[in-house]
file work-v1.cif (mmCIF, C-alpha atoms)
data_start
#
loop_
_atom_site.label_atom_id
_atom_site.label_comp_id
_atom_site.auth_asym_id
_atom_site.auth_seq_id
_atom_site.Cartn_x
_atom_site.Cartn_y
_atom_site.Cartn_z
CA MET H 29 -9.65 -70.13 -71.21
CA THR H 30 -11.30 -69.95 -67.77
CA LYS H 31 -10.88 -72.04 -64.61
CA ASP H 32 -13.61 -72.80 -62.08
CA MET H 33 -12.03 -72.92 -58.61
CA THR H 34 -15.28 -73.89 -56.89
CA GLN H 35 -14.91 -77.59 -57.81
CA GLY H 36 -12.14 -80.09 -56.99
CA LYS H 37 -9.48 -80.47 -54.31
CA PRO H 38 -8.34 -77.05 -53.00
CA MET H 39 -4.63 -77.95 -52.74
CA LYS H 40 -4.49 -79.09 -56.36
CA LEU H 41 -6.36 -75.99 -57.55
CA ILE H 42 -4.17 -73.70 -55.47
CA LEU H 43 -0.95 -75.20 -56.83
CA SER H 44 -2.15 -75.20 -60.44
CA PHE H 45 -3.14 -71.53 -60.13
CA ALA H 46 -0.23 -70.33 -57.98
CA ILE H 47 2.66 -71.92 -59.88
CA PRO H 48 2.11 -69.93 -63.09
CA LEU H 49 1.63 -66.81 -60.97
CA LEU H 50 4.90 -67.58 -59.19
CA PHE H 51 6.77 -67.71 -62.48
CA GLY H 52 5.16 -64.42 -63.43
CA TYR H 53 6.23 -62.72 -60.22
CA LEU H 54 9.71 -64.21 -60.51
CA PHE H 55 10.13 -62.81 -64.00
CA GLN H 56 8.73 -59.46 -62.88
CA GLN H 57 11.27 -59.33 -60.06
CA PHE H 58 13.91 -60.71 -62.39
CA TYR H 59 13.79 -57.72 -64.66
CA ASN H 60 13.60 -55.38 -61.63
CA LEU H 61 16.71 -57.16 -60.35
CA ILE H 62 18.42 -56.80 -63.72
CA ASP H 63 17.65 -53.06 -63.65
CA THR H 64 19.45 -52.81 -60.33
CA LEU H 65 22.35 -55.02 -61.38
CA ILE H 66 22.98 -53.02 -64.54
CA VAL H 67 22.72 -49.71 -62.68
CA GLY H 68 25.09 -50.90 -59.92
CA ARG H 69 27.65 -52.45 -62.24
CA TYR H 70 27.68 -49.88 -65.05
CA LEU H 71 26.82 -46.65 -63.21
CA GLY H 72 28.15 -47.22 -59.66
CA VAL H 73 27.06 -47.11 -56.02
CA LYS H 74 25.58 -43.60 -56.02
CA PRO H 75 23.21 -44.18 -58.95
CA LEU H 76 22.34 -47.52 -57.34
CA ALA H 77 21.57 -45.69 -54.10
CA ALA H 78 19.54 -43.09 -56.04
CA VAL H 79 17.30 -45.76 -57.56
CA GLY H 80 16.99 -47.48 -54.18
CA SER H 81 16.09 -44.27 -52.37
CA THR H 82 12.93 -44.06 -54.50
CA GLY H 83 11.82 -47.58 -53.61
CA SER H 84 9.43 -46.68 -50.81
CA ILE H 85 7.76 -43.77 -52.64
CA ASN H 86 7.58 -45.99 -55.72
CA PHE H 87 5.85 -48.64 -53.61
CA LEU H 88 3.49 -46.05 -52.12
CA VAL H 89 2.27 -44.74 -55.49
CA ILE H 90 2.55 -47.78 -57.75
CA GLY H 91 1.31 -50.02 -54.94
CA PHE H 92 -1.81 -47.84 -54.64
CA CYS H 93 -2.43 -48.20 -58.37
CA MET H 94 -1.90 -51.97 -58.30
CA GLY H 95 -4.11 -52.36 -55.21
CA ILE H 96 -6.95 -50.56 -56.95
CA CYS H 97 -6.64 -52.90 -59.93
CA VAL H 98 -6.62 -56.02 -57.73
CA GLY H 99 -9.72 -54.71 -55.96
CA PHE H 100 -11.49 -54.17 -59.28
CA SER H 101 -10.99 -57.85 -60.14
CA ILE H 102 -12.79 -59.12 -57.02
CA PRO H 103 -16.40 -58.27 -58.08
CA ILE H 104 -15.53 -59.80 -61.47
CA ALA H 105 -14.44 -63.03 -59.74
CA HIS H 106 -17.67 -63.00 -57.71
CA LYS H 107 -19.79 -62.67 -60.87
CA PHE H 108 -17.84 -65.42 -62.59
CA GLY H 109 -18.31 -67.75 -59.60
CA ALA H 110 -22.03 -66.98 -59.62
CA GLY H 111 -22.31 -67.54 -63.41
CA ASP H 112 -23.59 -63.97 -64.05
CA PHE H 113 -21.73 -63.14 -67.26
CA VAL H 114 -23.77 -60.03 -68.12
CA GLY H 115 -22.95 -58.53 -64.74
CA LEU H 116 -19.34 -59.63 -65.21
CA ARG H 117 -19.03 -57.71 -68.50
CA LYS H 118 -20.59 -54.61 -66.99
CA PHE H 119 -18.07 -54.68 -64.14
CA VAL H 120 -15.26 -55.04 -66.67
CA ALA H 121 -16.53 -52.04 -68.64
CA ASN H 122 -16.84 -49.88 -65.54
CA SER H 123 -13.34 -50.99 -64.45
CA VAL H 124 -12.00 -49.60 -67.71
CA TRP H 125 -13.70 -46.21 -67.22
CA LEU H 126 -12.41 -45.95 -63.67
CA GLY H 127 -8.93 -47.03 -64.74
CA VAL H 128 -8.73 -44.16 -67.25
CA VAL H 129 -9.74 -41.59 -64.61
CA PHE H 130 -7.48 -42.92 -61.85
CA SER H 131 -4.44 -43.22 -64.13
CA ALA H 132 -4.80 -39.65 -65.41
CA VAL H 133 -5.21 -38.13 -61.95
CA MET H 134 -2.39 -40.18 -60.39
CA THR H 135 0.03 -39.33 -63.21
CA VAL H 136 -0.52 -35.57 -62.99
CA LEU H 137 -0.26 -35.44 -59.20
CA THR H 138 2.82 -37.61 -58.80
CA VAL H 139 4.83 -36.02 -61.60
CA ALA H 140 4.11 -32.56 -60.15
CA LEU H 141 5.06 -33.49 -56.58
CA CYS H 142 7.84 -36.08 -56.83
CA ARG H 143 10.82 -33.72 -56.26
CA VAL H 144 9.08 -32.20 -53.25
CA ILE H 145 8.50 -35.67 -51.83
CA LEU H 146 12.15 -36.65 -52.34
CA ARG H 147 13.27 -33.56 -50.42
CA MET H 148 10.82 -34.32 -47.61
CA MET H 149 12.34 -37.81 -47.39
CA ALA H 150 15.79 -36.28 -46.76
CA THR H 151 17.21 -37.90 -49.88
CA PRO H 152 21.01 -37.33 -49.74
CA ALA H 153 22.14 -34.35 -51.82
CA ASP H 154 24.65 -36.43 -53.79
CA ILE H 155 21.93 -38.71 -55.19
CA ILE H 156 18.73 -36.61 -55.31
CA ASP H 157 19.08 -35.56 -58.96
CA ASP H 158 19.47 -39.15 -60.13
CA ALA H 159 16.61 -40.19 -57.83
CA TYR H 160 14.34 -37.58 -59.44
CA ALA H 161 15.40 -38.51 -62.98
CA TYR H 162 14.44 -42.12 -62.28
CA ILE H 163 11.19 -41.76 -60.37
CA VAL H 164 9.62 -39.05 -62.54
CA VAL H 165 9.77 -41.39 -65.54
CA ILE H 166 8.24 -44.22 -63.49
CA PHE H 167 5.36 -41.89 -62.58
CA ILE H 168 4.91 -40.81 -66.21
CA GLY H 169 4.36 -44.51 -66.91
CA ILE H 170 1.47 -44.92 -64.42
CA PRO H 171 -1.08 -45.47 -67.26
CA THR H 172 0.88 -48.58 -68.30
CA VAL H 173 0.61 -49.86 -64.71
CA PHE H 174 -3.17 -49.52 -64.84
CA LEU H 175 -3.35 -51.05 -68.32
CA TYR H 176 -1.49 -54.22 -67.39
CA ASN H 177 -2.85 -54.71 -63.88
CA ILE H 178 -6.51 -54.18 -64.70
CA LEU H 179 -6.36 -56.51 -67.69
CA SER H 180 -4.24 -59.20 -66.02
CA GLY H 181 -6.54 -59.00 -62.98
CA ILE H 182 -9.55 -59.66 -65.21
CA ILE H 183 -7.83 -62.63 -66.81
CA ARG H 184 -6.92 -64.09 -63.40
CA ALA H 185 -10.43 -63.48 -62.04
CA LEU H 186 -11.67 -65.86 -64.74
CA GLY H 187 -9.23 -68.53 -63.55
CA ASP H 188 -6.42 -68.10 -66.10
CA SER H 189 -3.16 -67.45 -64.24
CA LYS H 190 -0.89 -68.74 -67.02
CA THR H 191 -1.37 -66.20 -69.81
CA PRO H 192 -0.23 -63.10 -67.86
CA VAL H 193 2.95 -65.04 -67.04
CA VAL H 194 3.76 -65.51 -70.71
CA PHE H 195 3.39 -61.79 -71.31
CA LEU H 196 5.56 -60.96 -68.29
CA VAL H 197 8.29 -63.25 -69.58
CA LEU H 198 8.26 -61.47 -72.93
CA SER H 199 8.23 -58.02 -71.33
CA SER H 200 11.06 -59.08 -68.97
CA LEU H 201 13.26 -60.00 -71.90
CA VAL H 202 12.41 -56.73 -73.62
CA ASN H 203 13.19 -54.85 -70.40
CA ILE H 204 16.65 -56.39 -70.14
CA GLY H 205 17.42 -55.55 -73.76
CA LEU H 206 16.22 -51.96 -73.32
CA ASP H 207 18.26 -51.59 -70.11
CA LEU H 208 21.44 -52.49 -71.94
CA LEU H 209 20.49 -50.35 -74.94
CA PHE H 210 19.57 -47.23 -72.97
CA ILE H 211 22.21 -47.43 -70.20
CA VAL H 212 25.24 -48.97 -71.91
CA TYR H 213 24.82 -47.86 -75.54
CA PHE H 214 22.89 -44.57 -75.32
CA GLN H 215 24.41 -43.59 -71.93
CA MET H 216 21.02 -42.46 -70.56
CA GLY H 217 21.91 -43.20 -66.93
CA VAL H 218 19.22 -44.08 -64.39
CA GLU H 219 16.60 -42.45 -66.61
CA GLY H 220 17.26 -45.18 -69.17
CA ALA H 221 16.49 -47.88 -66.60
CA ALA H 222 13.17 -46.18 -65.82
CA TRP H 223 12.16 -45.92 -69.48
CA ALA H 224 13.01 -49.59 -69.98
CA THR H 225 10.65 -50.51 -67.14
CA VAL H 226 7.81 -48.30 -68.40
CA LEU H 227 8.02 -49.48 -72.01
CA SER H 228 8.17 -53.16 -71.08
CA GLN H 229 5.19 -52.71 -68.71
CA GLY H 230 3.25 -51.10 -71.54
CA LEU H 231 4.06 -54.00 -73.84
CA SER H 232 2.69 -56.56 -71.37
CA GLY H 233 -0.51 -54.51 -71.05
CA VAL H 234 -1.03 -54.34 -74.80
CA LEU H 235 -0.48 -58.10 -75.08
CA CYS H 236 -3.13 -58.70 -72.39
CA LEU H 237 -5.57 -56.49 -74.31
CA VAL H 238 -5.01 -58.32 -77.59
CA PHE H 239 -5.40 -61.67 -75.85
CA ILE H 240 -8.69 -60.69 -74.19
CA ILE H 241 -10.13 -59.42 -77.46
CA LYS H 242 -9.22 -62.61 -79.32
CA LYS H 243 -9.77 -65.36 -76.74
CA PHE H 244 -12.48 -64.47 -74.21
CA GLU H 245 -15.92 -64.63 -75.73
CA ILE H 246 -17.62 -63.91 -72.41
CA LEU H 247 -15.74 -60.59 -72.35
CA ARG H 248 -17.10 -59.40 -75.71
CA ILE H 249 -18.81 -56.36 -74.27
CA LYS H 250 -21.95 -55.13 -76.04
CA LYS H 251 -22.56 -51.47 -76.73
CA GLU H 252 -25.18 -51.07 -73.99
CA GLU H 253 -22.86 -52.79 -71.47
CA TRP H 254 -20.26 -50.04 -71.90
CA LYS H 255 -22.60 -47.53 -70.24
CA PRO H 256 -21.09 -46.21 -67.00
CA GLU H 257 -23.17 -47.28 -64.00
CA LEU H 258 -22.64 -45.43 -60.76
CA HIS H 259 -23.66 -48.29 -58.47
CA MET H 260 -21.16 -50.61 -60.18
CA MET H 261 -18.45 -47.97 -60.01
CA GLY H 262 -19.29 -47.62 -56.33
CA SER H 263 -18.90 -51.38 -55.82
CA LEU H 264 -15.58 -51.38 -57.68
CA CYS H 265 -14.28 -48.42 -55.69
CA SER H 266 -15.44 -49.98 -52.43
CA MET H 267 -13.12 -52.90 -53.24
CA GLY H 268 -10.34 -51.12 -55.13
CA ILE H 269 -9.74 -47.99 -53.04
CA PRO H 270 -9.39 -49.84 -49.70
CA MET H 271 -6.94 -52.25 -51.31
CA GLY H 272 -5.01 -49.37 -52.84
CA LEU H 273 -4.98 -47.57 -49.51
CA GLN H 274 -3.79 -50.75 -47.83
CA TYR H 275 -0.72 -50.72 -50.08
CA SER H 276 -0.19 -46.99 -49.61
CA ILE H 277 -0.69 -46.94 -45.85
CA THR H 278 1.80 -49.80 -45.58
CA ALA H 279 4.15 -47.83 -47.83
CA ILE H 280 3.96 -44.73 -45.61
CA GLY H 281 5.74 -46.76 -42.97
CA SER H 282 8.28 -47.79 -45.62
CA VAL H 283 8.80 -44.12 -46.54
CA ILE H 284 9.50 -43.29 -42.88
CA LEU H 285 11.86 -46.24 -42.62
CA GLN H 286 13.58 -45.25 -45.90
CA THR H 287 13.99 -41.70 -44.59
CA ALA H 288 15.76 -43.11 -41.53
CA VAL H 289 18.00 -45.25 -43.76
CA ASN H 290 18.78 -42.17 -45.91
CA GLY H 291 20.19 -40.60 -42.75
CA LEU H 292 22.75 -43.43 -42.53
CA GLY H 293 24.36 -42.35 -45.84
CA SER H 294 24.65 -43.51 -49.44
CA LEU H 295 26.41 -46.79 -48.61
CA ALA H 296 23.59 -47.87 -46.30
CA VAL H 297 21.01 -46.86 -48.92
CA ALA H 298 22.84 -48.91 -51.55
CA SER H 299 22.95 -51.90 -49.19
CA VAL H 300 19.22 -51.73 -48.49
CA THR H 301 18.55 -51.31 -52.21
CA ALA H 302 20.41 -54.49 -53.09
CA ALA H 303 18.94 -56.43 -50.16
CA ASN H 304 15.38 -55.33 -50.98
CA LYS H 305 15.76 -56.40 -54.61
CA ILE H 306 16.96 -59.85 -53.56
CA GLY H 307 14.31 -60.00 -50.83
CA ALA H 308 11.54 -59.16 -53.29
CA PHE H 309 12.75 -62.03 -55.46
CA LEU H 310 12.76 -64.45 -52.53
CA ALA H 311 9.27 -63.33 -51.43
CA CYS H 312 7.64 -64.04 -54.82
CA PRO H 313 6.04 -67.34 -53.63
CA PHE H 314 4.16 -65.41 -50.96
CA ASP H 315 2.93 -62.91 -53.56
CA ALA H 316 1.68 -65.80 -55.68
CA MET H 317 -0.09 -67.37 -52.70
CA GLY H 318 -1.79 -64.08 -51.88
CA SER H 319 -3.09 -63.48 -55.40
CA THR H 320 -4.28 -67.09 -55.55
CA MET H 321 -6.26 -66.66 -52.34
CA ALA H 322 -7.97 -63.52 -53.68
CA THR H 323 -9.27 -65.35 -56.77
CA TYR H 324 -10.00 -68.62 -54.95
CA GLY H 325 -11.85 -66.84 -52.16
CA GLY H 326 -13.76 -64.59 -54.57
CA GLN H 327 -15.01 -67.43 -56.76
CA ASN H 328 -16.02 -69.66 -53.83
CA VAL H 329 -17.89 -66.87 -52.04
CA GLY H 330 -19.65 -66.09 -55.31
CA ALA H 331 -20.67 -69.77 -55.46
CA LYS H 332 -21.62 -69.69 -51.72
CA LYS H 333 -19.14 -72.44 -50.79
CA LEU H 334 -17.69 -71.14 -47.54
CA ARG H 335 -16.25 -74.40 -46.24
CA ARG H 336 -13.98 -74.54 -49.28
CA VAL H 337 -12.75 -71.05 -48.39
CA LYS H 338 -11.33 -72.13 -45.02
CA GLU H 339 -10.03 -75.46 -46.36
CA GLY H 340 -8.19 -73.74 -49.18
CA MET H 341 -6.65 -71.14 -46.87
CA TYR H 342 -5.34 -73.80 -44.50
CA ASP H 343 -3.78 -75.71 -47.42
CA CYS H 344 -2.08 -72.52 -48.61
CA ILE H 345 -0.71 -71.79 -45.12
CA LYS H 346 0.96 -75.23 -45.16
CA LEU H 347 2.67 -74.30 -48.43
CA GLY H 348 3.74 -70.98 -46.90
CA ALA H 349 5.32 -72.68 -43.89
CA VAL H 350 7.40 -74.97 -46.09
CA TYR H 351 8.68 -72.14 -48.25
CA ALA H 352 9.46 -69.95 -45.22
CA VAL H 353 12.14 -72.48 -44.24
CA ILE H 354 13.49 -72.68 -47.80
CA GLY H 355 13.71 -68.87 -48.07
CA PHE H 356 15.72 -68.58 -44.86
CA LEU H 357 18.17 -71.29 -45.95
CA ILE H 358 18.74 -69.49 -49.28
CA ALA H 359 19.48 -66.21 -47.50
CA PHE H 360 21.73 -67.85 -44.90
CA PHE H 361 23.93 -69.77 -47.32
CA PHE H 362 23.80 -67.57 -50.44
CA GLY H 363 23.28 -64.05 -49.08
CA GLU H 364 26.93 -63.08 -49.52
CA PRO H 365 27.39 -64.15 -53.18
CA LEU H 366 24.03 -62.58 -54.04
CA GLY H 367 25.16 -59.28 -52.52
CA LYS H 368 28.37 -59.32 -54.58
CA LEU H 369 26.34 -59.24 -57.79
CA PHE H 370 25.55 -55.55 -57.32
CA VAL H 371 28.82 -53.79 -56.56
CA GLU H 372 31.70 -55.38 -58.42
CA ALA H 373 32.90 -52.09 -59.92
CA GLU H 374 33.56 -50.42 -56.55
CA GLU H 375 36.56 -50.37 -54.19
CA ALA H 376 37.20 -53.58 -52.24
CA GLU H 377 36.39 -51.99 -48.87
CA VAL H 378 33.07 -50.61 -50.14
CA VAL H 379 32.16 -53.94 -51.72
CA ALA H 380 32.93 -55.84 -48.51
CA LYS H 381 30.78 -53.55 -46.35
CA ILE H 382 27.79 -53.63 -48.73
CA VAL H 383 27.97 -57.43 -49.05
CA GLU H 384 28.11 -57.77 -45.26
CA ASN H 385 25.09 -55.49 -44.88
CA VAL H 386 23.11 -57.31 -47.58
CA ARG H 387 23.60 -60.73 -46.00
CA LEU H 388 22.69 -59.43 -42.54
CA PHE H 389 19.54 -57.77 -43.88
CA LEU H 390 18.44 -60.91 -45.75
CA VAL H 391 19.06 -63.29 -42.84
CA ILE H 392 17.08 -61.10 -40.44
CA THR H 393 14.09 -60.65 -42.75
CA THR H 394 13.85 -64.26 -43.96
CA ALA H 395 13.93 -65.52 -40.36
CA PHE H 396 10.44 -64.01 -40.14
CA TYR H 397 9.08 -65.37 -43.42
CA PHE H 398 6.28 -67.40 -41.84
CA PRO H 399 4.63 -64.24 -40.45
CA LEU H 400 4.97 -62.78 -43.97
CA ALA H 401 3.26 -65.88 -45.41
CA LEU H 402 0.33 -65.39 -43.03
CA VAL H 403 0.06 -61.69 -43.93
CA ASN H 404 -0.24 -62.40 -47.65
CA ILE H 405 -2.47 -65.47 -47.44
CA ILE H 406 -4.95 -64.22 -44.85
CA ARG H 407 -5.11 -60.60 -46.03
CA PHE H 408 -5.79 -61.50 -49.65
CA MET H 409 -8.32 -64.12 -48.60
CA ILE H 410 -10.18 -61.53 -46.52
CA GLN H 411 -10.12 -59.17 -49.49
CA GLY H 412 -11.23 -61.87 -51.91
CA ILE H 413 -14.28 -62.80 -49.84
CA GLY H 414 -15.41 -59.18 -49.78
CA PHE H 415 -14.00 -57.37 -46.71
CA PRO H 416 -11.28 -55.02 -48.07
CA THR H 417 -11.59 -52.52 -45.21
CA PHE H 418 -9.88 -54.99 -42.88
CA ALA H 419 -6.83 -54.83 -45.15
CA ILE H 420 -6.58 -51.10 -44.44
CA LEU H 421 -6.53 -51.72 -40.70
CA ALA H 422 -3.77 -54.31 -41.13
CA GLY H 423 -1.90 -51.79 -43.28
CA VAL H 424 -2.19 -49.18 -40.52
CA LEU H 425 -0.55 -51.58 -38.09
CA GLU H 426 2.27 -52.25 -40.58
CA MET H 427 2.73 -48.51 -41.00
CA VAL H 428 2.94 -47.98 -37.24
CA ALA H 429 5.50 -50.77 -36.88
CA ARG H 430 7.75 -49.44 -39.64
CA ALA H 431 7.40 -45.90 -38.31
CA LEU H 432 8.51 -47.08 -34.87
CA ALA H 433 11.51 -48.77 -36.45
CA GLY H 434 12.33 -45.62 -38.43
CA PHE H 435 11.86 -43.10 -35.64
CA VAL H 436 13.13 -45.13 -32.68
CA LEU H 437 15.22 -48.16 -33.63
CA VAL H 438 17.29 -47.01 -36.63
CA PRO H 439 18.63 -43.79 -34.99
CA PHE H 440 19.85 -45.82 -31.99
CA PHE H 441 20.86 -49.18 -33.49
CA GLY H 442 21.69 -48.28 -37.08
CA PHE H 443 21.55 -50.65 -40.04
CA PRO H 444 20.44 -53.86 -38.24
CA ALA H 445 17.34 -52.04 -36.99
CA ALA H 446 16.41 -51.18 -40.58
CA ALA H 447 16.32 -54.90 -41.35
CA LEU H 448 13.89 -55.47 -38.46
CA GLY H 449 11.36 -52.92 -39.69
CA SER H 450 9.44 -55.26 -42.01
CA PRO H 451 9.44 -58.32 -39.68
CA ILE H 452 7.97 -56.21 -36.88
CA ALA H 453 5.35 -54.91 -39.33
CA TRP H 454 4.39 -58.46 -40.38
CA ILE H 455 3.92 -59.53 -36.75
CA PHE H 456 1.76 -56.47 -36.02
CA ALA H 457 -0.41 -57.21 -39.07
CA ASP H 458 -0.81 -60.89 -38.18
CA ALA H 459 -1.98 -60.01 -34.68
CA PHE H 460 -4.95 -58.31 -36.34
CA LEU H 461 -5.53 -60.43 -39.46
CA ILE H 462 -5.82 -63.85 -37.78
CA PRO H 463 -8.76 -62.96 -35.52
CA ALA H 464 -10.20 -60.75 -38.30
CA PHE H 465 -10.49 -63.75 -40.64
CA PHE H 466 -12.48 -65.79 -38.13
CA TYR H 467 -14.74 -62.80 -37.52
CA VAL H 468 -15.56 -62.23 -41.21
CA TYR H 469 -15.89 -65.98 -41.83
CA LYS H 470 -18.46 -66.24 -39.04
CA LYS H 471 -20.26 -63.19 -40.41
CA LEU H 472 -20.48 -64.74 -43.89
CA ARG H 473 -21.78 -68.02 -42.47
CA LEU H 474 -24.60 -66.16 -40.75
CA GLN H 475 -25.40 -64.21 -43.92
CA LEU H 476 -25.57 -67.39 -46.01
CA GLY H 477 -27.39 -69.39 -43.36
CA GLU H 478 -24.69 -72.06 -42.95
CA GLU H 479 -24.49 -74.14 -39.78
#
call {"tool": "encode", "arguments": {"input": "work-v1.cif", "output": "structure tokens"}}
result
Amino acid sequence: MTKDMTQGKPMKLILSFAIPLLFGYLFQQFYNLIDTLIVGRYLGVKPLAAVGSTGSINFLVIGFCMGICVGFSIPIAHKFGAGDFVGLRKFVANSVWLGVVFSAVMTVLTVALCRVILRMMATPADIIDDAYAYIVVIFIGIPTVFLYNILSGIIRALGDSKTPVVFLVLSSLVNIGLDLLFIVYFQMGVEGAAWATVLSQGLSGVLCLVFIIKKFEILRIKKEEWKPELHMMGSLCSMGIPMGLQYSITAIGSVILQTAVNGLGSLAVASVTAANKIGAFLACPFDAMGSTMATYGGQNVGAKKLRRVKEGMYDCIKLGAVYAVIGFLIAFFFGEPLGKLFVEAEEAEVVAKIVENVRLFLVITTAFYFPLALVNIIRFMIQGIGFPTFAILAGVLEMVARALAGFVLVPFFGFPAAALGSPIAWIFADAFLIPAFFYVYKKLRLQLGEE
């Protein structure tokens, strides 16, 4: 059930690993998209705006949790690449202990503070109650985020990118069914959409757990291997916390940008909500490339094969360039019909304005997809080869760029400036990440004594 990425042609390995991941991310975004479609069509623009207004704070908190889990998987990939299965199992055990602690602390803090945060973000008064009803349930479900992401990260670290996809497909279908049941039949409003997401996420986590227990012999942890070890927890935290902070620091800029968009009114918030959902769907290939680079880089560094690291990254960048063109063409020609999916139940004038905004937002962001490709590929490669702190610095630059857009551009130029926030952030991050990769690569070569 494992895959060794230290042998064979990098391009072939990257494609075979990334394609299943891509389908997984697509299905994950698919059920997020269905959430939004059902909310927009059955509940209206204001509930749609309410869900959308929580997007940046959702990304800040859930992104931190997911980043920690991705970071935990890197030492596991290193041990697998080095063939140290005892050390691998001990890292897995210590990941579980840390996951329990982090999930408990994060759940308590976020549930207690979420209404305060929404007020600080200047969430419009006509949508704040729905925004709270949605996001508080998402935060209650943080333990399911840790369950799925830690376990799926372990499975991917061992080279199996296909199995988590199967579980995401199943949970996506369950999520759609629960959306319709809770929103349409039980009339639970936006809270129903949140519970559908949490329950389906929990299901995918349980399926990963059952699969690991039944299929991975090298993960059959012995009693003595369950003992918490502080130095291993330190290693896991040194990878996980910087990656979590990278997500959160990036998200702080998104919170500032969202606050600026909130000031433009509910219609603008609804437009950004719809555009971001479509944009997240279109960006899935870049997410798959990034996750692939983390595992590929981790295994090859563990096996001390640095030349394969650079070769694989260059091959992945070629794939990113090709898809960047495809993504822009999709947005340019299909942005308008995609926008219409969200707001059919509203007045014609409202629908027309939202659709216009959605297409504009998508065309602007996808025009900068190659910088986004570089951000994902290079950042995750740097993380995978053991330098997560650099990801924080890149995240700081993204935060600064989005903050500039929120504080300076949006108040003066309105909605189009909101669309430019992320592209500017990607360019800022690339300006740091590209030279950073060559620095850490040179440092590793010296450490390993390569010419």
call {"tool": "residues_around", "arguments": {"input": "work-v1.cif", "residues": "Ile420 (chain H)", "least_positions_apart": "6", "cutoff": "9 Å", "atoms": "all atoms listed in the file", "output": "JSON, numbers by chain"}}
result
{"H": [270, 271, 272, 273, 274, 275, 277, 278]}
call {"tool": "residues_around", "arguments": {"input": "work-v1.cif", "residues": "Ser266 (chain H)", "least_positions_apart": "2", "cutoff": "10 Å", "atoms": "only C-alpha atoms", "output": "ChimeraX atom specification"}}
result
/H:96,99-100,260-264,268-271,414-417
call {"tool": "closest_residue", "arguments": {"input": "work-v1.cif", "among": "H:Met341, H:Leu247, H:Leu425, H:Val300", "to": "Gly367 (chain H)", "atoms": "only C-alpha atoms"}}
result
H:Val300
call {"tool": "closest_residue", "arguments": {"input": "work-v1.cif", "among": "H:Leu369, H:Ile155, H:Leu432, H:Ala349", "to": "Gly293 (chain H)", "atoms": "only C-alpha atoms"}}
result
H:Ile155
call {"tool": "residues_around", "arguments": {"input": "work-v1.cif", "residues": "Pro103 (chain H)", "least_positions_apart": "4", "cutoff": "12 Å", "atoms": "only C-alpha atoms", "output": "PDB file with C-alpha atoms, in the coordinates of the input"}}
result
ATOM      1  CA  CYS H  97      -6.640 -52.900 -59.930  1.00  0.00           C
ATOM      2  CA  VAL H  98      -6.620 -56.020 -57.730  1.00  0.00           C
ATOM      3  CA  GLY H  99      -9.720 -54.710 -55.960  1.00  0.00           C
ATOM      4  CA  LYS H 107     -19.790 -62.670 -60.870  1.00  0.00           C
ATOM      5  CA  PHE H 108     -17.840 -65.420 -62.590  1.00  0.00           C
ATOM      6  CA  GLY H 109     -18.310 -67.750 -59.600  1.00  0.00           C
ATOM      7  CA  ALA H 110     -22.030 -66.980 -59.620  1.00  0.00           C
ATOM      8  CA  ASP H 112     -23.590 -63.970 -64.050  1.00  0.00           C
ATOM      9  CA  PHE H 113     -21.730 -63.140 -67.260  1.00  0.00           C
ATOM     10  CA  GLY H 115     -22.950 -58.530 -64.740  1.00  0.00           C
ATOM     11  CA  LEU H 116     -19.340 -59.630 -65.210  1.00  0.00           C
ATOM     12  CA  ARG H 117     -19.030 -57.710 -68.500  1.00  0.00           C
ATOM     13  CA  LYS H 118     -20.590 -54.610 -66.990  1.00  0.00           C
ATOM     14  CA  PHE H 119     -18.070 -54.680 -64.140  1.00  0.00           C
ATOM     15  CA  VAL H 120     -15.260 -55.040 -66.670  1.00  0.00           C
ATOM     16  CA  ASN H 122     -16.840 -49.880 -65.540  1.00  0.00           C
ATOM     17  CA  SER H 123     -13.340 -50.990 -64.450  1.00  0.00           C
ATOM     18  CA  GLY H 181      -6.540 -59.000 -62.980  1.00  0.00           C
ATOM     19  CA  ILE H 182      -9.550 -59.660 -65.210  1.00  0.00           C
ATOM     20  CA  ALA H 185     -10.430 -63.480 -62.040  1.00  0.00           C
ATOM     21  CA  LEU H 186     -11.670 -65.860 -64.740  1.00  0.00           C
ATOM     22  CA  MET H 260     -21.160 -50.610 -60.180  1.00  0.00           C
ATOM     23  CA  MET H 261     -18.450 -47.970 -60.010  1.00  0.00           C
ATOM     24  CA  GLY H 262     -19.290 -47.620 -56.330  1.00  0.00           C
ATOM     25  CA  SER H 263     -18.900 -51.380 -55.820  1.00  0.00           C
ATOM     26  CA  LEU H 264     -15.580 -51.380 -57.680  1.00  0.00           C
ATOM     27  CA  CYS H 265     -14.280 -48.420 -55.690  1.00  0.00           C
ATOM     28  CA  SER H 266     -15.440 -49.980 -52.430  1.00  0.00           C
ATOM     29  CA  MET H 267     -13.120 -52.900 -53.240  1.00  0.00           C
ATOM     30  CA  GLY H 268     -10.340 -51.120 -55.130  1.00  0.00           C
ATOM     31  CA  ALA H 322      -7.970 -63.520 -53.680  1.00  0.00           C
ATOM     32  CA  THR H 323      -9.270 -65.350 -56.770  1.00  0.00           C
ATOM     33  CA  GLY H 325     -11.850 -66.840 -52.160  1.00  0.00           C
ATOM     34  CA  GLY H 326     -13.760 -64.590 -54.570  1.00  0.00           C
ATOM     35  CA  GLN H 327     -15.010 -67.430 -56.760  1.00  0.00           C
ATOM     36  CA  VAL H 329     -17.890 -66.870 -52.040  1.00  0.00           C
ATOM     37  CA  GLY H 330     -19.650 -66.090 -55.310  1.00  0.00           C
ATOM     38  CA  GLN H 411     -10.120 -59.170 -49.490  1.00  0.00           C
ATOM     39  CA  GLY H 412     -11.230 -61.870 -51.910  1.00  0.00           C
ATOM     40  CA  ILE H 413     -14.280 -62.800 -49.840  1.00  0.00           C
ATOM     41  CA  GLY H 414     -15.410 -59.180 -49.780  1.00  0.00           C
ATOM     42  CA  PHE H 415     -14.000 -57.370 -46.710  1.00  0.00           C
ATOM     43  CA  PRO H 416     -11.280 -55.020 -48.070  1.00  0.00           C
TER      44      PRO H 416
END
